[in-house]
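One structure is given here, and the rest of the page talks about it.
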Amino acid sequence: MAASVGRICRAGLLKSPHVPTINQFSSLSTTREWTKGRKALLGTIGMLAGGAGALLLALDRSVRASDLELHPPKHVWSHSGMFSSLDHASVRRGYEVYKQVCAACHSMRFIAYRNLVGVTHTEEEAKAEAEEQMVLDGPNEQGEMFKRPGKLSDYFPSPYPNEEAARAANNGAYPPDLSYIVSARHGGEDYIFALLTGYCDAPAGVVLREGQYFNPYFPGGAISMAQALYNEAMEYTDGTPATASQLAKDISTFLKWTAEPEHDDRKKMLMKAIGIFSFLMAITYYIKRMKFSTLKTRKIEFRPKEK
Ligand code: HEC
């Protein structure tokens, strides 16, 4: 009985002249004071923007649906999970693959030897890696440039002095810088793995020009990079059997790291954020229940005025 009285009275309160009723809220809308022209203009802009977005999506879809391109299969990488770090032994092997195979044609301008420290190599090992190559430095006191052994602060050397030289050596095709290639291609590391292991004979009817090879994963199918990885193409220092797929897997993991060096820290941060925010959620819920407890448990009584 008391509960229904309370409900009736609260409903009565809502109807009091000082509180706007649901119908009156429409008078608070910001669009109310807009002129018809302005409404029409903004409506048109909205529709045009929506239309342009849909057109772009359709164009993108149609390009990707071209039948000469095979989509790379999705693999379960050891770093695929929400909380999984990169496999650092694999990243280290991938560095060996890059150095011994890919570095002949591809630069990696945004990775320095110091980046390897604590990720794949110890400081001494990284220093030794850097010292293996000669870097142009200077000018010295005579104003001349000179060569010195590499230091930790040096970036990976480029195989060609400039893009034109790279093109001249590769039949006019430019081997892209590999630092961020995983982020720069649809499919990421799955694409790199599929590309490196996907070479096959061109199907009948596909004409390849001089210096082109067939790879169904490369858009268009005709790629100017010859197959780079074969079984036993090189030897790993840790003794892992160097099959073509092992080499491809390790270089893909390495390229994932170069494209996202913050990968492990990011996932660690996610774990911390989940921990902290679940605590904050719980405490917020508790405080909300506490603050509302007086409102939720109050009893409103109706007492007619005594005459
Ligand atoms: C003999 C030189 C050579 C070697 C060695 C080489 N590449 Fe390439 N790579 C090229 C050229 C040239 C292109 C450009 C191909 C094109 O645009 O048709 C290319 C393109 C690529 C691309 C870009 C494909 C795309 O989608 O645009 C990737 C990724 C790549 N190479 C990875 C590698 C990796 C990883 C290695 C080492 C395992 C490697 N390459 C070894 C010459 C080479």
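Note on naming: chains are A, B, ... as they come in the structure tokens, residues start from 1 per chain, ligands start from 1 in the order shown.
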Just want the residues within 6 Å of ligand 1, written as a ChimeraX atom specification, counting only C-alpha atoms and all ligand atoms. /A:98,101-102,104-105,170,173-176,192,218,223-225,228-229
So that I can check the surroundings of Ser179 of chain A, please list as a list in words every protein, DNA and RNA residue that reaches within 8 Å of it, counting only C-alpha atoms and ignoring chain neighbours fewer than 3 positions away.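 Near Ser179 of chain A, the qualifying residues are Ser107, Met108, Arg109, Phe110, Ile111, Leu255, Thr258 and Ala259 of chain A.
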Give the answer as one residue: which of A:Leu48, A:Ala54, A:Ala165, A:Leu247 has the shortest atom-to-atom distance to Arg92 of chain A, using only C-alpha atoms?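 Looking only at the distances to Arg92 of chain A, the closest residue turns out to be A:Leu247.
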Nearby residues (only C-alpha atoms) at most 12 Å from segment 183-191 of chain A, same-chain spacing under 4 positions excluded, as a PyMOL selection string: chain A and resi 60+64+69-80+176-179+195-198+215-219+248-261
Among segment 54-240 of chain A, which residues does DSSP mark as helix (DSSP H, G or I) when it is run on the backbone? Keep the chain and numbering as in the structure and answer as a PyMOL selection string. chain A and resi 54-64+88-100+102-104+113-116+123-131+163-169+181-184+188-197
Quick one: pick out all strand (DSSP E or B) residues within segment 43-290 of chain A from a backbone DSSP run and write them as a list in words.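 Output for segment 43-290 of chain A, strand (DSSP E or B) only: Ala112, Val117, His121, Met134, Val135, Leu136, Asp137, Phe146, Lys147, Arg148, Pro149, Tyr155, Tyr213, Phe214, Ala222 and Ile223 of chain A.
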Between atom CA of Tyr113 of chain A and atom CA of Leu152 of chain A - distance in Å to one decimal: 4.9 Å
